[in-house]
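Engineer: Submitted below is the structure of interest, expressed as structure tokens.
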Amino acid sequence: MMHLFFDGHNDLLLKMTLGRVTAEEVRDGHGKGQIDQPRARAGGMGGGFFALFVPTPGAPGMDMAAMRRESYDLPLPPELDHATALDQVRIGMDHFDRLALLGVITPCTTADQIADALQGPGMAAVLHMEGAEAIGPDLAELDEFYARGLRSIGPVWSRSTIFGHGVPFRFPSDSDIGPGLTGAGKDLVRACNARRIMIDLSHLNMAGLRDVAAISDAPLVATHSNAHAVTPSARCLTDAELHLIAETGGMVGVNFGTCFLRPDGKFVSDCPVDHLLRHLDHLMGILGEDGVGFGSDFDGAVLPNWMKDVSGLAMLREALVAHGIGDALMAKLTHGNWLRVLRKTWGE
């Protein structure tokens with residue numbers, strides 16, 4: 001049987017908030033980005049985490065030319081103000097609701113709902129927040145967002161917030177950069193634990209990750225991150241960090257962004273599937289077969305040229321089979337491990 005992918009991260013809602021694609025175009029197919037419903041069906045994507053992300057207004061975009069050099073160190077963008085973030089996140093949630101109304105997605109807040117939706121016509125969708133600037137220091141907005149379906153939060157993107165510090169796009173480097181969580185950040189982790197909201201470690205620096213590990217009673221999860229041992233980028237997880245995740249029964253979703261797959265860290269599309277398989281093997285070597293999935297970063301990254309967009313998941317499936325991945329392990333990697341960790345996190 002063909003096992004559908006449940007994906008750890010996509011940025012489709014950002015594309016919609018920026019006005020680059022409409023919900024109707026996502027439903028009907030548009031070819032403008034990396035994900036829409038027809039291509040998702042073609043690739044075998046059954047659902048995933050849909051991220052609410054707000055860029056810093058006026059900040060320059062990713063310096064792609066710099067990220068093609070032998071080494072690079074992009075400065076962190078300025079901090080994002082709360083009011084702007086709150087306004088844009090609410091718009092993103094409205095787009096999420098519109099996709100649901102059109103049947104493109106089926107919003108899910110339990111693992112059983114995800115399992116059921118994977119068999120249905122719409123993509124199983126979990127609402128995620130990447131960078132928690134829309135939440136104030138008193139955490140007053142958290143219950144509003146929870147009521148609208150939010151079940152996963154990354155306290156930071158690659159910039160500083162009132163909760164902690166994100167890592168820069170730096171190569172070569174590790175994530176041992178800057179201090180850990182602030183007092184508000186520790187409060188946020190505790191509040192998420194109390195509400196069974198998953199904490200995403202992606203983009204968080206090493207000290208912050210260790211703080212989450214010390215506070216949280218949930219499995220540690222990085223939804224879209226790779227192995228530093230293969231690609232020594234600040235955004236990739238060291239073996240020490242991976243062992244912390246493994247100790248909690250957590251998991252990591254393999255990111256398809258080429259600068260996190262290529263051993264030289266270059267953000268170019270020339271990226272053989274063997275690079276992805278090296279990350280997969282390394283992660284499974286530490287986390288085990290139950291601790292790895294996929295977190296594509298569709299609509300938020302340069303993808304390998306063999307993948308191109310979400311329809312390329314079909315090629316990934318073929319590569320996994322050729323790599324010796326059997327049916328039982330394929331079920332775990334494509335969606336089963338996400339269901340396992342979400343059941344444990346959400347208390348089902």
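Naming scheme: A, B, ... for chains in displayed order of the structure tokens; residues 1 onward per chain; ligands 1 onward as shown.
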Going by DSSP on the backbone, which residues of range 132-201 of chain A come out as strand (DSSP E)? List them as a list in words.

Structural biologist: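 Strand (DSSP E) members of range 132-201 of chain A, listed: Leu150, Arg151, Ser152, Ile153, Gly154, Arg170, Phe171, Met198 and Ile199 of chain A.
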
Engineer: So that I can see what lies close to range 4-9 of chain A, please list as a PyMOL selection string the residues with an atom at most 8 Å from it, counting only C-alpha atoms and leaving out residues fewer than 6 positions away in the same chain.

Structural biologist: chain A and resi 44-51+118+124+223-224+253+293-298+334-335+338

Engineer: Find the spatial neighbours of range 205-211 of chain A, counting only C-alpha atoms, within a cut-off of 7 Å - ignore same-chain residues fewer than 6 positions away - and output them as a list in words.

Structural biologist: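 Once the nearby chain positions are removed, what remains is Gly164, His165, Gly166, Val167, Ser175, Asp176, Ile177, Pro179, Gly180 and Leu181 of chain A.
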
Engineer: Just C-alpha atoms for this one: save the residues we selected as a short mmCIF file (atom, residue, chain, number, x, y, z; two decimals), in the first residue's frame.

Structural biologist:
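Result went into result08.cif, see below:
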```
data_model
loop_
_atom_site.label_atom_id
_atom_site.label_comp_id
_atom_site.auth_asym_id
_atom_site.auth_seq_id
_atom_site.Cartn_x
_atom_site.Cartn_y
_atom_site.Cartn_z
CA GLY A 164 14.42 33.33 23.55
CA HIS A 165 16.95 33.52 20.77
CA GLY A 166 16.97 32.00 17.32
CA VAL A 167 20.10 30.88 15.53
CA SER A 175 23.85 26.52 17.59
CA ASP A 176 25.83 27.29 20.75
CA ILE A 177 25.13 30.99 20.24
CA PRO A 179 21.74 32.77 26.10
CA GLY A 180 18.82 30.43 26.69
CA LEU A 181 15.14 31.05 27.26
#
```

Engineer: Do a neighbour search on Gly131 in chain A at 8 Å with only C-alpha atoms, toss out local chain neighbours closer than 2 positions, and write the hits as an NGL selection string.

Structural biologist: :A and (53-54 or 129 or 133 or 153-157 or 161)

Engineer: From the set A:Pro272, A:Pro172, A:Pro304, A:Gly103, which residue has the shortest atom-to-atom contact distance to Asn255 in chain A, counting only C-alpha atoms?

Structural biologist: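 Comparing A:Pro272, A:Pro172, A:Pro304, A:Gly103 against Asn255 in chain A, the winner is A:Pro304.
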
Engineer: Report, in Å to a single decimal, how far apart CA of Val212 in chain A and CA of Met284 in chain A are.

Structural biologist: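 Between CA of Met284 in chain A and CA of Val212 in chain A the gap is 22.1 Å.
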
Engineer: For Arg159 in chain A, which residue out of A:Gln37, A:Thr56, A:Asn10, A:Asn226 is the nearest one, using only C-alpha atoms?

Structural biologist: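 Among A:Gln37, A:Thr56, A:Asn10, A:Asn226, it is A:Thr56 that comes nearest to Arg159 in chain A.
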
Engineer: I need the residues of range 147-195 of chain A that end up classed as helix (DSSP H, G or I) by DSSP on the backbone, written out as a list in words.

Structural biologist: Ala147, Gly183, Ala184, Gly185, Lys186, Asp187, Leu188, Val189, Arg190, Ala191, Cys192, Asn193, Ala194 and Arg195 of chain A

Engineer: Find the spatial neighbours of Val89 in chain A, counting only C-alpha atoms, within a cut-off of 12 Å - ignore same-chain residues fewer than 5 positions away - and output them as JSON, numbers by chain.

Structural biologist: {"A": [13, 14, 16, 17, 18, 51, 52, 53, 54, 55, 82, 83, 84, 94, 95, 96, 127, 128, 129, 130, 131, 132, 133, 134, 135, 141, 144, 145, 148, 150]}

Engineer: Write the residues of the selection above to a file with N, CA and C atoms, as a PDB file, in the first residue's frame.

Structural biologist:
```
ATOM      1  N   LEU A  13       0.626  29.166   4.379  1.00  0.00           N
ATOM      2  CA  LEU A  13      -0.162  30.278   4.930  1.00  0.00           C
ATOM      3  C   LEU A  13       0.564  31.610   4.766  1.00  0.00           C
ATOM      4  N   LEU A  14       1.898  31.595   4.807  1.00  0.00           N
ATOM      5  CA  LEU A  14       2.663  32.821   4.566  1.00  0.00           C
ATOM      6  C   LEU A  14       2.441  33.308   3.140  1.00  0.00           C
ATOM      7  N   MET A  16      -0.090  32.858   1.330  1.00  0.00           N
ATOM      8  CA  MET A  16      -1.447  33.392   1.240  1.00  0.00           C
ATOM      9  C   MET A  16      -1.539  34.758   1.906  1.00  0.00           C
ATOM     10  N   THR A  17      -0.908  34.916   3.064  1.00  0.00           N
ATOM     11  CA  THR A  17      -0.943  36.195   3.774  1.00  0.00           C
ATOM     12  C   THR A  17      -0.260  37.294   2.968  1.00  0.00           C
ATOM     13  N   LEU A  18       0.779  36.925   2.221  1.00  0.00           N
ATOM     14  CA  LEU A  18       1.481  37.894   1.380  1.00  0.00           C
ATOM     15  C   LEU A  18       0.731  38.181   0.083  1.00  0.00           C
ATOM     16  N   ALA A  51       2.201  26.360   9.036  1.00  0.00           N
ATOM     17  CA  ALA A  51       2.860  27.327   9.913  1.00  0.00           C
ATOM     18  C   ALA A  51       2.320  28.737   9.741  1.00  0.00           C
ATOM     19  N   LEU A  52       2.137  29.412  10.873  1.00  0.00           N
ATOM     20  CA  LEU A  52       1.890  30.850  10.924  1.00  0.00           C
ATOM     21  C   LEU A  52       3.230  31.525  11.159  1.00  0.00           C
ATOM     22  N   PHE A  53       3.728  32.227  10.143  1.00  0.00           N
ATOM     23  CA  PHE A  53       5.022  32.898  10.253  1.00  0.00           C
ATOM     24  C   PHE A  53       4.885  34.317   9.741  1.00  0.00           C
ATOM     25  N   VAL A  54       5.488  35.268  10.462  1.00  0.00           N
ATOM     26  CA  VAL A  54       5.414  36.683  10.087  1.00  0.00           C
ATOM     27  C   VAL A  54       6.827  37.213   9.861  1.00  0.00           C
ATOM     28  N   PRO A  55       7.184  37.581   8.627  1.00  0.00           N
ATOM     29  CA  PRO A  55       8.499  38.183   8.388  1.00  0.00           C
ATOM     30  C   PRO A  55       8.599  39.556   9.049  1.00  0.00           C
ATOM     31  N   HIS A  82       5.023  43.117  18.623  1.00  0.00           N
ATOM     32  CA  HIS A  82       3.886  42.267  18.983  1.00  0.00           C
ATOM     33  C   HIS A  82       2.636  42.602  18.181  1.00  0.00           C
ATOM     34  N   ALA A  83       2.319  43.884  18.035  1.00  0.00           N
ATOM     35  CA  ALA A  83       1.079  44.277  17.359  1.00  0.00           C
ATOM     36  C   ALA A  83       1.067  43.807  15.905  1.00  0.00           C
ATOM     37  N   THR A  84       2.193  43.986  15.208  1.00  0.00           N
ATOM     38  CA  THR A  84       2.280  43.532  13.819  1.00  0.00           C
ATOM     39  C   THR A  84       2.118  42.025  13.730  1.00  0.00           C
ATOM     40  N   ASP A  94      -7.210  33.163   9.505  1.00  0.00           N
ATOM     41  CA  ASP A  94      -8.374  33.303   8.626  1.00  0.00           C
ATOM     42  C   ASP A  94      -8.159  32.533   7.320  1.00  0.00           C
ATOM     43  N   HIS A  95      -6.939  32.573   6.788  1.00  0.00           N
ATOM     44  CA  HIS A  95      -6.638  31.804   5.574  1.00  0.00           C
ATOM     45  C   HIS A  95      -6.754  30.303   5.846  1.00  0.00           C
ATOM     46  N   PHE A  96      -6.286  29.879   7.001  1.00  0.00           N
ATOM     47  CA  PHE A  96      -6.407  28.475   7.406  1.00  0.00           C
ATOM     48  C   PHE A  96      -7.877  28.057   7.418  1.00  0.00           C
ATOM     49  N   LEU A 127      -2.461  23.362  13.009  1.00  0.00           N
ATOM     50  CA  LEU A 127      -2.052  24.764  13.003  1.00  0.00           C
ATOM     51  C   LEU A 127      -0.844  24.953  13.914  1.00  0.00           C
ATOM     52  N   HIS A 128       0.214  25.537  13.364  1.00  0.00           N
ATOM     53  CA  HIS A 128       1.495  25.715  14.051  1.00  0.00           C
ATOM     54  C   HIS A 128       1.897  27.186  13.989  1.00  0.00           C
ATOM     55  N   MET A 129       2.598  27.661  14.995  1.00  0.00           N
ATOM     56  CA  MET A 129       3.114  29.028  15.007  1.00  0.00           C
ATOM     57  C   MET A 129       4.639  28.989  15.023  1.00  0.00           C
ATOM     58  N   GLU A 130       5.261  29.607  14.028  1.00  0.00           N
ATOM     59  CA  GLU A 130       6.720  29.639  13.913  1.00  0.00           C
ATOM     60  C   GLU A 130       7.217  31.026  14.335  1.00  0.00           C
ATOM     61  N   GLY A 131       7.703  31.110  15.576  1.00  0.00           N
ATOM     62  CA  GLY A 131       8.030  32.400  16.167  1.00  0.00           C
ATOM     63  C   GLY A 131       6.814  32.926  16.894  1.00  0.00           C
ATOM     64  N   ALA A 132       6.947  33.130  18.212  1.00  0.00           N
ATOM     65  CA  ALA A 132       5.765  33.403  19.052  1.00  0.00           C
ATOM     66  C   ALA A 132       5.577  34.880  19.355  1.00  0.00           C
ATOM     67  N   GLU A 133       5.989  35.746  18.433  1.00  0.00           N
ATOM     68  CA  GLU A 133       5.865  37.185  18.680  1.00  0.00           C
ATOM     69  C   GLU A 133       4.422  37.649  18.838  1.00  0.00           C
ATOM     70  N   ALA A 134       3.468  36.889  18.322  1.00  0.00           N
ATOM     71  CA  ALA A 134       2.056  37.268  18.456  1.00  0.00           C
ATOM     72  C   ALA A 134       1.523  37.029  19.861  1.00  0.00           C
ATOM     73  N   ILE A 135       2.328  36.430  20.716  1.00  0.00           N
ATOM     74  CA  ILE A 135       1.955  36.188  22.109  1.00  0.00           C
ATOM     75  C   ILE A 135       2.717  37.171  22.989  1.00  0.00           C
ATOM     76  N   GLU A 141      -2.736  35.828  24.832  1.00  0.00           N
ATOM     77  CA  GLU A 141      -3.285  35.388  23.541  1.00  0.00           C
ATOM     78  C   GLU A 141      -3.298  33.867  23.389  1.00  0.00           C
ATOM     79  N   GLU A 144      -6.718  32.225  23.223  1.00  0.00           N
ATOM     80  CA  GLU A 144      -7.416  32.573  21.978  1.00  0.00           C
ATOM     81  C   GLU A 144      -6.925  31.695  20.833  1.00  0.00           C
ATOM     82  N   PHE A 145      -5.604  31.563  20.714  1.00  0.00           N
ATOM     83  CA  PHE A 145      -5.042  30.770  19.623  1.00  0.00           C
ATOM     84  C   PHE A 145      -5.379  29.289  19.790  1.00  0.00           C
ATOM     85  N   ARG A 148      -8.688  28.509  18.516  1.00  0.00           N
ATOM     86  CA  ARG A 148      -8.751  28.499  17.055  1.00  0.00           C
ATOM     87  C   ARG A 148      -8.008  27.311  16.456  1.00  0.00           C
ATOM     88  N   LEU A 150      -4.715  26.093  17.432  1.00  0.00           N
ATOM     89  CA  LEU A 150      -3.255  26.037  17.518  1.00  0.00           C
ATOM     90  C   LEU A 150      -2.831  24.923  18.474  1.00  0.00           C
TER      91      LEU A 150
END
```

Engineer: Given only C-alpha atoms, how would the per-residue table for range 24-119 of chain A near range 260-269 of chain A read, listing every residue at most 10 Å away with its closest atom pair and distance in Å to one decimal, sorted by chain and number, as JSON lines?

Structural biologist:
```
{"residue": "A:Asp63", "atom": "CA", "partner": "A:Phe267", "partner_atom": "CA", "distance": 9.9}
{"residue": "A:Met64", "atom": "CA", "partner": "A:Phe267", "partner_atom": "CA", "distance": 6.9}
{"residue": "A:Ala65", "atom": "CA", "partner": "A:Phe267", "partner_atom": "CA", "distance": 8.6}
{"residue": "A:Ala66", "atom": "CA", "partner": "A:Lys266", "partner_atom": "CA", "distance": 9.0}
{"residue": "A:Met67", "atom": "CA", "partner": "A:Phe267", "partner_atom": "CA", "distance": 5.6}
{"residue": "A:Arg68", "atom": "CA", "partner": "A:Lys266", "partner_atom": "CA", "distance": 4.7}
{"residue": "A:Arg69", "atom": "CA", "partner": "A:Lys266", "partner_atom": "CA", "distance": 6.7}
{"residue": "A:Glu70", "atom": "CA", "partner": "A:Asp264", "partner_atom": "CA", "distance": 7.0}
{"residue": "A:Ser71", "atom": "CA", "partner": "A:Gly265", "partner_atom": "CA", "distance": 8.0}
{"residue": "A:Tyr72", "atom": "CA", "partner": "A:Gly265", "partner_atom": "CA", "distance": 9.1}
```

Engineer: Quick one: write out the picked residues with N, CA and C atoms as an mmCIF file, in the first residue's frame?

Structural biologist:
```
data_model
loop_
_atom_site.group_PDB
_atom_site.id
_atom_site.type_symbol
_atom_site.label_atom_id
_atom_site.label_comp_id
_atom_site.auth_asym_id
_atom_site.auth_seq_id
_atom_site.Cartn_x
_atom_site.Cartn_y
_atom_site.Cartn_z
ATOM 1 N N ASP A 63 19.687 36.372 1.921
ATOM 2 C CA ASP A 63 20.778 36.698 1.004
ATOM 3 C C ASP A 63 21.226 35.413 0.316
ATOM 4 N N MET A 64 20.542 35.081 -0.775
ATOM 5 C CA MET A 64 20.807 33.818 -1.442
ATOM 6 C C MET A 64 22.211 33.767 -2.029
ATOM 7 N N ALA A 65 22.711 34.903 -2.500
ATOM 8 C CA ALA A 65 24.063 34.917 -3.056
ATOM 9 C C ALA A 65 25.084 34.566 -1.984
ATOM 10 N N ALA A 66 24.913 35.130 -0.792
ATOM 11 C CA ALA A 66 25.833 34.821 0.308
ATOM 12 C C ALA A 66 25.775 33.348 0.670
ATOM 13 N N MET A 67 24.579 32.756 0.604
ATOM 14 C CA MET A 67 24.413 31.366 1.027
ATOM 15 C C MET A 67 24.870 30.365 -0.029
ATOM 16 N N ARG A 68 25.466 30.871 -1.105
ATOM 17 C CA ARG A 68 26.097 29.993 -2.090
ATOM 18 C C ARG A 68 27.620 29.994 -1.948
ATOM 19 N N ARG A 69 28.126 30.734 -0.968
ATOM 20 C CA ARG A 69 29.573 30.807 -0.747
ATOM 21 C C ARG A 69 30.048 29.651 0.121
ATOM 22 N N GLU A 70 31.378 29.552 0.258
ATOM 23 C CA GLU A 70 31.959 28.479 1.068
ATOM 24 C C GLU A 70 31.587 28.629 2.538
ATOM 25 N N SER A 71 31.419 29.852 2.994
ATOM 26 C CA SER A 71 30.964 30.117 4.360
ATOM 27 C C SER A 71 30.114 31.379 4.335
ATOM 28 N N TYR A 72 29.238 31.517 5.322
ATOM 29 C CA TYR A 72 28.390 32.707 5.400
ATOM 30 C C TYR A 72 27.893 32.884 6.823
#
```

Engineer: If we count only C-alpha atoms, what is near Leu277 in chain A at a cut-off of 9 Å, once residues fewer than 3 positions away on the same chain are taken out, given as a list in words?

Structural biologist: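 In the requested format, the answer is Val273, Asp274, Leu280, Asp281, His282, Ala319, Leu320 and His323 of chain A.
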
Engineer: Could you please take those selected residues and save C-alpha atoms as a short mmCIF file (atom, residue, chain, number, x, y, z; two decimals), in the first residue's frame?

Structural biologist:
```cif
data_model
loop_
_atom_site.label_atom_id
_atom_site.label_comp_id
_atom_site.auth_asym_id
_atom_site.auth_seq_id
_atom_site.Cartn_x
_atom_site.Cartn_y
_atom_site.Cartn_z
CA VAL A 273 18.90 12.44 -2.88
CA ASP A 274 21.91 10.74 -1.26
CA LEU A 280 17.96 10.21 7.52
CA ASP A 281 20.44 7.45 8.37
CA HIS A 282 22.31 9.61 10.89
CA ALA A 319 14.31 6.64 -3.23
CA LEU A 320 13.41 5.35 0.23
CA HIS A 323 17.47 2.61 0.03
#
```

Engineer: Hey, what's within 7 Å of Asp174 in chain A if we count only C-alpha atoms and toss same-chain stuff fewer than 2 positions away? As a VMD selection string, please?

Structural biologist: chain A and resid 176 232 to 234
